[in-house]
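Q: Input input.txt, format and content: compact mmCIF, N, CA and C atoms.
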# COMPACT_ATOMS: atom_id res chain seq x y z
N MET S 1 -15.65 -85.18 5.64
CA MET S 1 -17.06 -85.15 5.38
C MET S 1 -17.46 -83.86 4.67
N LYS S 2 -16.89 -82.72 5.12
CA LYS S 2 -17.20 -81.46 4.47
C LYS S 2 -16.80 -81.48 3.00
N TYR S 3 -15.64 -82.12 2.71
CA TYR S 3 -15.16 -82.17 1.34
C TYR S 3 -16.13 -82.93 0.46
N LYS S 4 -16.67 -84.06 0.95
CA LYS S 4 -17.61 -84.86 0.17
C LYS S 4 -18.89 -84.09 -0.08
N LEU S 5 -19.38 -83.36 0.92
CA LEU S 5 -20.59 -82.57 0.74
C LEU S 5 -20.35 -81.44 -0.26
N TRP S 6 -19.20 -80.79 -0.16
CA TRP S 6 -18.87 -79.70 -1.08
C TRP S 6 -18.78 -80.21 -2.51
N THR S 7 -18.14 -81.37 -2.72
CA THR S 7 -18.02 -81.95 -4.04
C THR S 7 -19.39 -82.32 -4.61
N ALA S 8 -20.24 -82.90 -3.79
CA ALA S 8 -21.58 -83.26 -4.24
C ALA S 8 -22.39 -82.01 -4.59
N ALA S 9 -22.28 -80.96 -3.77
CA ALA S 9 -23.01 -79.72 -4.03
C ALA S 9 -22.52 -79.08 -5.33
N LEU S 10 -21.23 -79.12 -5.57
CA LEU S 10 -20.68 -78.56 -6.79
C LEU S 10 -21.17 -79.34 -8.02
N ALA S 11 -21.22 -80.65 -7.92
CA ALA S 11 -21.71 -81.47 -9.03
C ALA S 11 -23.17 -81.17 -9.34
N VAL S 12 -23.99 -80.99 -8.30
CA VAL S 12 -25.40 -80.65 -8.49
C VAL S 12 -25.52 -79.27 -9.13
N ALA S 13 -24.71 -78.32 -8.69
CA ALA S 13 -24.75 -76.98 -9.25
C ALA S 13 -24.41 -77.00 -10.74
N PHE S 14 -23.39 -77.76 -11.13
CA PHE S 14 -23.05 -77.88 -12.55
C PHE S 14 -24.21 -78.48 -13.34
N ALA S 15 -24.82 -79.49 -12.79
CA ALA S 15 -25.93 -80.15 -13.49
C ALA S 15 -27.10 -79.20 -13.66
N LEU S 16 -27.40 -78.40 -12.64
CA LEU S 16 -28.55 -77.50 -12.71
C LEU S 16 -28.30 -76.31 -13.63
N THR S 17 -27.07 -75.85 -13.73
CA THR S 17 -26.78 -74.67 -14.55
C THR S 17 -26.48 -75.01 -16.00
N GLY S 18 -26.38 -76.28 -16.31
CA GLY S 18 -26.07 -76.67 -17.68
C GLY S 18 -24.59 -76.57 -17.99
N ALA S 19 -23.75 -76.40 -17.00
CA ALA S 19 -22.31 -76.28 -17.24
C ALA S 19 -21.67 -77.62 -17.53
N ALA S 20 -22.32 -78.70 -17.18
CA ALA S 20 -21.73 -80.02 -17.40
C ALA S 20 -21.43 -80.29 -18.86
N PRO S 21 -22.32 -79.94 -19.83
CA PRO S 21 -21.97 -80.20 -21.21
C PRO S 21 -20.71 -79.46 -21.66
N ALA S 22 -20.44 -78.30 -21.11
CA ALA S 22 -19.24 -77.56 -21.48
C ALA S 22 -17.99 -78.33 -21.08
N LEU S 23 -18.06 -79.12 -20.03
CA LEU S 23 -16.91 -79.89 -19.59
C LEU S 23 -16.61 -81.04 -20.54
N ALA S 24 -17.58 -81.39 -21.41
CA ALA S 24 -17.39 -82.50 -22.32
C ALA S 24 -16.68 -82.10 -23.61
N VAL S 25 -16.36 -80.83 -23.76
CA VAL S 25 -15.66 -80.38 -24.97
C VAL S 25 -14.30 -81.07 -25.03
N PRO S 26 -13.91 -81.58 -26.22
CA PRO S 26 -12.62 -82.26 -26.30
C PRO S 26 -11.47 -81.35 -25.87
N ALA S 27 -10.58 -81.88 -25.10
CA ALA S 27 -9.43 -81.12 -24.60
C ALA S 27 -8.35 -81.02 -25.67
N MET S 28 -7.49 -80.00 -25.53
CA MET S 28 -6.34 -79.85 -26.43
C MET S 28 -5.38 -81.00 -26.16
N PRO S 29 -4.53 -81.32 -27.14
CA PRO S 29 -3.53 -82.36 -26.89
C PRO S 29 -2.72 -82.03 -25.65
N ASN S 30 -2.29 -83.06 -24.93
CA ASN S 30 -1.61 -82.82 -23.66
C ASN S 30 -0.09 -82.75 -23.81
N ARG S 31 0.39 -82.47 -25.01
CA ARG S 31 1.83 -82.30 -25.17
C ARG S 31 2.09 -81.11 -26.08
N ALA S 32 3.29 -80.57 -26.00
CA ALA S 32 3.66 -79.41 -26.79
C ALA S 32 3.96 -79.83 -28.24
N THR S 33 3.65 -78.94 -29.17
CA THR S 33 3.92 -79.16 -30.58
C THR S 33 4.88 -78.08 -31.06
N ILE S 34 5.97 -78.48 -31.69
CA ILE S 34 6.95 -77.53 -32.21
C ILE S 34 6.76 -77.44 -33.72
N ILE S 35 6.63 -76.21 -34.22
CA ILE S 35 6.39 -75.98 -35.64
C ILE S 35 7.39 -74.96 -36.15
N GLN S 36 7.97 -75.22 -37.32
CA GLN S 36 8.89 -74.29 -37.96
C GLN S 36 8.18 -73.62 -39.13
N TYR S 37 8.34 -72.30 -39.23
CA TYR S 37 7.64 -71.51 -40.23
C TYR S 37 8.61 -70.68 -41.07
N THR S 38 8.20 -70.33 -42.28
CA THR S 38 8.78 -69.23 -43.03
C THR S 38 7.76 -68.10 -42.93
N THR S 39 8.23 -66.88 -42.78
CA THR S 39 7.30 -65.77 -42.53
C THR S 39 7.48 -64.66 -43.55
N ARG S 40 6.39 -63.92 -43.76
CA ARG S 40 6.40 -62.72 -44.59
C ARG S 40 5.57 -61.66 -43.89
N ILE S 41 6.09 -60.45 -43.85
CA ILE S 41 5.33 -59.30 -43.35
C ILE S 41 5.22 -58.35 -44.54
N VAL S 42 3.99 -58.19 -45.03
CA VAL S 42 3.74 -57.47 -46.28
C VAL S 42 2.87 -56.25 -45.99
N PRO S 43 3.24 -55.06 -46.51
CA PRO S 43 2.41 -53.88 -46.27
C PRO S 43 1.04 -54.01 -46.94
N GLN S 44 0.00 -53.52 -46.27
CA GLN S 44 -1.34 -53.53 -46.86
C GLN S 44 -1.37 -52.63 -48.09
N LEU S 45 -0.69 -51.50 -48.00
CA LEU S 45 -0.56 -50.57 -49.13
C LEU S 45 0.92 -50.37 -49.39
N GLY S 46 1.32 -50.51 -50.63
CA GLY S 46 2.72 -50.31 -50.95
C GLY S 46 3.37 -51.59 -51.40
N VAL S 47 4.68 -51.56 -51.52
CA VAL S 47 5.43 -52.71 -52.01
C VAL S 47 6.50 -53.10 -51.00
N GLY S 48 7.07 -54.27 -51.23
CA GLY S 48 8.14 -54.77 -50.37
C GLY S 48 7.59 -55.71 -49.32
N GLU S 49 8.48 -56.45 -48.72
CA GLU S 49 8.08 -57.34 -47.63
C GLU S 49 9.30 -57.66 -46.78
N TYR S 50 9.02 -58.11 -45.58
CA TYR S 50 10.06 -58.53 -44.64
C TYR S 50 9.92 -60.03 -44.47
N ASP S 51 10.97 -60.78 -44.79
CA ASP S 51 10.93 -62.24 -44.70
C ASP S 51 11.72 -62.70 -43.48
N GLY S 52 11.39 -63.90 -43.02
CA GLY S 52 12.10 -64.46 -41.88
C GLY S 52 11.73 -65.90 -41.64
N ARG S 53 12.22 -66.41 -40.52
CA ARG S 53 11.93 -67.79 -40.08
C ARG S 53 11.48 -67.72 -38.63
N MET S 54 10.65 -68.66 -38.26
CA MET S 54 10.12 -68.67 -36.90
C MET S 54 9.93 -70.12 -36.46
N THR S 55 10.28 -70.38 -35.23
CA THR S 55 10.01 -71.68 -34.62
C THR S 55 9.15 -71.42 -33.40
N LEU S 56 7.98 -72.06 -33.35
CA LEU S 56 7.05 -71.88 -32.24
C LEU S 56 6.80 -73.20 -31.53
N THR S 57 6.64 -73.12 -30.22
CA THR S 57 6.17 -74.24 -29.43
C THR S 57 4.76 -73.90 -28.99
N LEU S 58 3.79 -74.71 -29.41
CA LEU S 58 2.39 -74.54 -29.01
C LEU S 58 2.13 -75.49 -27.86
N ASN S 59 1.92 -74.95 -26.68
CA ASN S 59 1.69 -75.77 -25.49
C ASN S 59 0.20 -76.06 -25.32
N SER S 60 -0.10 -77.18 -24.70
CA SER S 60 -1.49 -77.61 -24.55
C SER S 60 -2.34 -76.65 -23.73
N ASN S 61 -1.72 -75.79 -22.94
CA ASN S 61 -2.47 -74.82 -22.13
C ASN S 61 -2.74 -73.52 -22.88
N GLY S 62 -2.38 -73.45 -24.18
CA GLY S 62 -2.64 -72.27 -24.98
C GLY S 62 -1.51 -71.27 -25.02
N ILE S 63 -0.41 -71.56 -24.35
CA ILE S 63 0.74 -70.64 -24.34
C ILE S 63 1.66 -70.97 -25.50
N VAL S 64 2.14 -69.91 -26.17
CA VAL S 64 3.06 -70.05 -27.31
C VAL S 64 4.37 -69.37 -26.95
N ASN S 65 5.48 -70.02 -27.28
CA ASN S 65 6.79 -69.37 -27.15
C ASN S 65 7.69 -69.87 -28.26
N GLY S 66 8.71 -69.08 -28.57
CA GLY S 66 9.60 -69.49 -29.63
C GLY S 66 10.59 -68.41 -30.00
N THR S 67 11.07 -68.49 -31.25
CA THR S 67 12.09 -67.58 -31.76
C THR S 67 11.73 -67.15 -33.17
N TYR S 68 11.94 -65.88 -33.46
CA TYR S 68 11.75 -65.32 -34.80
C TYR S 68 13.09 -64.77 -35.26
N ILE S 69 13.50 -65.11 -36.49
CA ILE S 69 14.75 -64.62 -37.03
C ILE S 69 14.45 -63.94 -38.37
N PRO S 70 14.43 -62.60 -38.40
CA PRO S 70 14.23 -61.92 -39.68
C PRO S 70 15.46 -62.10 -40.56
N ASP S 71 15.25 -62.08 -41.87
CA ASP S 71 16.38 -62.21 -42.80
C ASP S 71 17.40 -61.09 -42.60
N SER S 72 16.95 -59.97 -42.04
CA SER S 72 17.84 -58.82 -41.90
C SER S 72 18.37 -58.61 -40.49
N GLY S 73 18.33 -59.64 -39.63
CA GLY S 73 18.80 -59.40 -38.27
C GLY S 73 18.90 -60.64 -37.44
N GLY S 74 19.14 -60.41 -36.15
CA GLY S 74 19.32 -61.50 -35.22
C GLY S 74 18.01 -62.01 -34.63
N PRO S 75 18.08 -63.07 -33.85
CA PRO S 75 16.87 -63.70 -33.30
C PRO S 75 16.14 -62.81 -32.30
N ARG S 76 14.84 -62.98 -32.28
CA ARG S 76 13.97 -62.29 -31.32
C ARG S 76 13.10 -63.30 -30.61
N VAL S 77 12.83 -63.04 -29.36
CA VAL S 77 11.96 -63.90 -28.56
C VAL S 77 10.52 -63.71 -29.02
N VAL S 78 9.75 -64.80 -29.08
CA VAL S 78 8.33 -64.75 -29.42
C VAL S 78 7.56 -65.34 -28.25
N THR S 79 6.55 -64.61 -27.79
CA THR S 79 5.63 -65.13 -26.78
C THR S 79 4.22 -64.85 -27.26
N GLY S 80 3.27 -65.59 -26.75
CA GLY S 80 1.88 -65.37 -27.15
C GLY S 80 0.98 -66.46 -26.66
N GLY S 81 -0.12 -66.62 -27.38
CA GLY S 81 -1.08 -67.62 -27.00
C GLY S 81 -2.03 -67.94 -28.13
N PHE S 82 -2.85 -68.97 -27.91
CA PHE S 82 -3.87 -69.33 -28.88
C PHE S 82 -5.08 -69.88 -28.16
N ASN S 83 -6.22 -69.74 -28.82
CA ASN S 83 -7.48 -70.28 -28.31
C ASN S 83 -8.29 -70.67 -29.53
N GLY S 84 -8.42 -71.96 -29.78
CA GLY S 84 -9.08 -72.41 -31.00
C GLY S 84 -8.24 -72.01 -32.20
N ASP S 85 -8.85 -71.29 -33.16
CA ASP S 85 -8.09 -70.86 -34.32
C ASP S 85 -7.51 -69.45 -34.16
N GLN S 86 -7.77 -68.79 -33.04
CA GLN S 86 -7.24 -67.45 -32.77
C GLN S 86 -5.83 -67.55 -32.21
N VAL S 87 -4.93 -66.68 -32.69
CA VAL S 87 -3.55 -66.69 -32.21
C VAL S 87 -3.05 -65.25 -32.10
N TRP S 88 -2.22 -64.99 -31.10
CA TRP S 88 -1.61 -63.68 -30.94
C TRP S 88 -0.16 -63.90 -30.52
N LEU S 89 0.72 -63.09 -31.09
CA LEU S 89 2.15 -63.22 -30.84
C LEU S 89 2.77 -61.86 -30.57
N ASP S 90 3.72 -61.82 -29.65
CA ASP S 90 4.52 -60.63 -29.38
C ASP S 90 5.97 -60.96 -29.72
N PHE S 91 6.60 -60.10 -30.52
CA PHE S 91 7.97 -60.30 -30.98
C PHE S 91 8.89 -59.35 -30.26
N GLY S 92 10.01 -59.86 -29.78
CA GLY S 92 10.99 -59.02 -29.11
C GLY S 92 10.64 -58.84 -27.65
N PHE S 93 11.59 -58.31 -26.91
CA PHE S 93 11.36 -58.06 -25.49
C PHE S 93 10.33 -56.95 -25.34
N MET S 94 9.43 -57.10 -24.42
CA MET S 94 8.38 -56.13 -24.12
C MET S 94 7.40 -55.98 -25.29
N GLY S 95 7.28 -57.01 -26.14
CA GLY S 95 6.28 -57.04 -27.19
C GLY S 95 6.30 -55.86 -28.13
N LYS S 96 7.47 -55.52 -28.64
CA LYS S 96 7.58 -54.35 -29.52
C LYS S 96 6.77 -54.50 -30.80
N LEU S 97 6.50 -55.73 -31.22
CA LEU S 97 5.68 -55.99 -32.39
C LEU S 97 4.61 -57.00 -31.97
N HIS S 98 3.35 -56.67 -32.18
CA HIS S 98 2.24 -57.51 -31.75
C HIS S 98 1.44 -57.96 -32.97
N MET S 99 1.18 -59.27 -33.09
CA MET S 99 0.42 -59.82 -34.19
C MET S 99 -0.83 -60.50 -33.65
N THR S 100 -1.95 -60.24 -34.30
CA THR S 100 -3.18 -61.00 -34.01
C THR S 100 -3.62 -61.64 -35.31
N GLY S 101 -4.05 -62.89 -35.24
CA GLY S 101 -4.44 -63.58 -36.45
C GLY S 101 -5.16 -64.88 -36.16
N LYS S 102 -5.18 -65.72 -37.19
CA LYS S 102 -5.86 -67.02 -37.11
C LYS S 102 -5.01 -68.10 -37.74
N PHE S 103 -5.22 -69.31 -37.25
CA PHE S 103 -4.68 -70.48 -37.93
C PHE S 103 -5.59 -70.75 -39.13
N LYS S 104 -5.00 -70.92 -40.30
CA LYS S 104 -5.75 -71.21 -41.52
C LYS S 104 -5.27 -72.54 -42.08
N ASN S 105 -6.20 -73.35 -42.55
CA ASN S 105 -5.85 -74.64 -43.16
C ASN S 105 -4.88 -75.42 -42.29
N GLY S 106 -5.19 -75.54 -41.04
CA GLY S 106 -4.32 -76.28 -40.13
C GLY S 106 -3.42 -75.36 -39.35
N ARG S 107 -2.14 -75.32 -39.70
CA ARG S 107 -1.16 -74.60 -38.89
C ARG S 107 -0.66 -73.30 -39.52
N ARG S 108 -1.10 -72.96 -40.72
CA ARG S 108 -0.70 -71.69 -41.34
C ARG S 108 -1.26 -70.55 -40.52
N ILE S 109 -0.49 -69.49 -40.33
CA ILE S 109 -0.94 -68.34 -39.55
C ILE S 109 -1.08 -67.15 -40.49
N VAL S 110 -2.23 -66.48 -40.45
CA VAL S 110 -2.46 -65.26 -41.22
C VAL S 110 -2.99 -64.23 -40.25
N GLY S 111 -2.35 -63.06 -40.21
CA GLY S 111 -2.78 -62.03 -39.27
C GLY S 111 -2.31 -60.65 -39.70
N HIS S 112 -2.38 -59.73 -38.74
CA HIS S 112 -2.01 -58.34 -39.00
C HIS S 112 -1.10 -57.82 -37.90
N VAL S 113 -0.19 -56.94 -38.29
CA VAL S 113 0.67 -56.23 -37.34
C VAL S 113 0.64 -54.76 -37.73
N PHE S 114 0.92 -53.91 -36.76
CA PHE S 114 1.07 -52.49 -37.02
C PHE S 114 2.51 -52.11 -36.70
N ILE S 115 3.14 -51.42 -37.64
CA ILE S 115 4.47 -50.87 -37.42
C ILE S 115 4.27 -49.36 -37.51
N GLY S 116 4.34 -48.71 -36.38
CA GLY S 116 3.94 -47.30 -36.32
C GLY S 116 2.44 -47.24 -36.58
N THR S 117 2.04 -46.48 -37.56
CA THR S 117 0.62 -46.38 -37.89
C THR S 117 0.27 -47.18 -39.14
N LYS S 118 1.24 -47.89 -39.72
CA LYS S 118 1.01 -48.65 -40.94
C LYS S 118 0.65 -50.09 -40.63
N GLU S 119 -0.36 -50.58 -41.34
CA GLU S 119 -0.82 -51.95 -41.16
C GLU S 119 -0.12 -52.88 -42.15
N TYR S 120 0.31 -54.03 -41.64
CA TYR S 120 0.98 -55.04 -42.46
C TYR S 120 0.26 -56.38 -42.28
N ARG S 121 0.31 -57.19 -43.32
CA ARG S 121 -0.24 -58.54 -43.23
C ARG S 121 0.90 -59.47 -42.84
N PHE S 122 0.63 -60.35 -41.89
CA PHE S 122 1.62 -61.31 -41.41
C PHE S 122 1.19 -62.70 -41.90
N ILE S 123 2.11 -63.39 -42.58
CA ILE S 123 1.82 -64.73 -43.10
C ILE S 123 2.94 -65.66 -42.67
N ALA S 124 2.58 -66.76 -42.03
CA ALA S 124 3.56 -67.75 -41.61
C ALA S 124 3.13 -69.11 -42.16
N ASP S 125 3.95 -69.64 -43.06
CA ASP S 125 3.68 -70.95 -43.66
C ASP S 125 4.60 -71.99 -43.04
N VAL S 126 4.05 -73.18 -42.80
CA VAL S 126 4.84 -74.26 -42.22
C VAL S 126 5.97 -74.62 -43.20
N ARG S 127 7.18 -74.68 -42.65
CA ARG S 127 8.34 -75.05 -43.47
C ARG S 127 8.33 -76.55 -43.71
N PRO S 128 8.55 -76.95 -44.97
CA PRO S 128 8.64 -78.40 -45.23
C PRO S 128 9.88 -78.97 -44.54
N HIS S 129 9.79 -80.22 -44.17
CA HIS S 129 10.91 -80.87 -43.47
C HIS S 129 11.97 -81.28 -44.44
Starting from the coordinates I provided, produce the structure as structure tokens.
A:
Amino acid sequence: MKYKLWTAALAVAFALTGAAPALAVPAMPNRATIIQYTTRIVPQLGVGEYDGRMTLTLNSNGIVNGTYIPDSGGPRVVTGGFNGDQVWLDFGFMGKLHMTGKFKNGRRIVGHVFIGTKEYRFIADVRPH
């Protein structure tokens, strides 16, 4: 009986505070999506770039995990998250490289990373199948 009263009280509270419409927002897909990317890390000032490949799993709860393989080295673990079009990724153990950015035109990722005090642009394009 207490449970039914608590549930009813909670429903009334949502209705009175206007929180009910927020619950109607469409949910993220309920399955993970795996995407393969080609990546470029380009200095904001200067020349040159670092190229690589990345495979990410985007989970429905907003958690991202995967692998990044720079052209000049071995694989690194990728962890991060997303919320709407915002995305953040940490590369390597203990997040030695941190990227913040946005999904553009669907699944393309454009963001920024800092290596030391220098700012770089991070671009990840979906690899064609």
Q: Just the residues within 5 Å of Gln44 in chain S, please, counting only N, CA and C atoms, with nothing from its chain fewer than 5 positions along; format it as a list in words.
A: Glu119, Tyr120 and Arg121 of chain S
Q: Select, from S:Thr100, S:Asn105, S:Thr33, S:Thr39, the residue with the minimum atom-to-atom distance to Asn59 in chain S, counting only C-alpha atoms.
A: S:Thr33
Q: Let me make sure I understand: among S:Ala124, S:Pro70, S:Arg76, S:Arg53, which one has the smallest atom-to-atom distance to Arg107 in chain S if we use only C-alpha atoms?
A: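 Once distances to Arg107 in chain S are computed over only C-alpha atoms, the minimum belongs to S:Ala124.
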Q: Quick one: distance from CA of Thr79 in chain S to CA of Asn65 in chain S in Å, one decimal?
A: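 Spanning CA of Thr79 in chain S to CA of Asn65 in chain S is a straight-line distance of 4.4 Å.
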Q: Just the number, please: distance in Å from atom N of Gly62 in chain S to atom C of Phe82 in chain S, one decimal.
A: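 Computing the Euclidean distance for atom N of Gly62 in chain S and atom C of Phe82 in chain S yields 6.0 Å.
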Q: Which polymer residues have any atom within 6 Å of an atom of Gln86 in chain S, counting all atoms listed in the file, with same-chain residues fewer than 6 positions away left out, as a PyMOL selection string?
A: chain S and resi 101-103
Q: Please write the residues from the selection above to a file, keeping N, CA and C atoms, as a short mmCIF file (atom, residue, chain, number, x, y, z; two decimals), in the frame of the given file.
A:
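And here is the file that came out, result.cif:
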data_model
loop_
_atom_site.label_atom_id
_atom_site.label_comp_id
_atom_site.auth_asym_id
_atom_site.auth_seq_id
_atom_site.Cartn_x
_atom_site.Cartn_y
_atom_site.Cartn_z
N GLY S 101 -4.05 -62.89 -35.24
CA GLY S 101 -4.44 -63.58 -36.45
C GLY S 101 -5.16 -64.88 -36.16
N LYS S 102 -5.18 -65.72 -37.19
CA LYS S 102 -5.86 -67.02 -37.11
C LYS S 102 -5.01 -68.10 -37.74
N PHE S 103 -5.22 -69.31 -37.25
CA PHE S 103 -4.68 -70.48 -37.93
C PHE S 103 -5.59 -70.75 -39.13
#
Q: Atom C of Gly73 in chain S and atom C of Lys118 in chain S, how far apart in Å?
A: 21.3 Å
Q: S:Met99, S:Gly92, S:Ala32, S:Asp71: which is nearest Glu49 in chain S, counting only C-alpha atoms?
A: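 Smallest distance to Glu49 in chain S is found for S:Asp71.
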Q: For Asp125 in chain S, find every residue with an atom within 12 Å (counting only C-alpha atoms), except residues of its own chain fewer than 5 positions away, and show them as a count of residues only.
A: 22
Q: As lines of an AutoDock Vina configuration file, please report the centre and edge lengths, rounded to one decimal in Å, of the axis-aligned box that holds all listed atoms of range 91-107 of chain S with 6 Å of padding on each of the six sides.
A:
center_x = 2.7
center_y = -65.3
center_z = -33.6
size_x = 29.8
size_y = 33.9
size_z = 31.0
Q: Rank S:Ile115, S:Thr57, S:Pro43, S:Gly84 by their smallest atom-to-atom distance to Lys96 in chain S, using all atoms listed in the file, and report the top residue only.
A: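 Closest to Lys96 in chain S, using all atoms listed in the file: S:Ile115.
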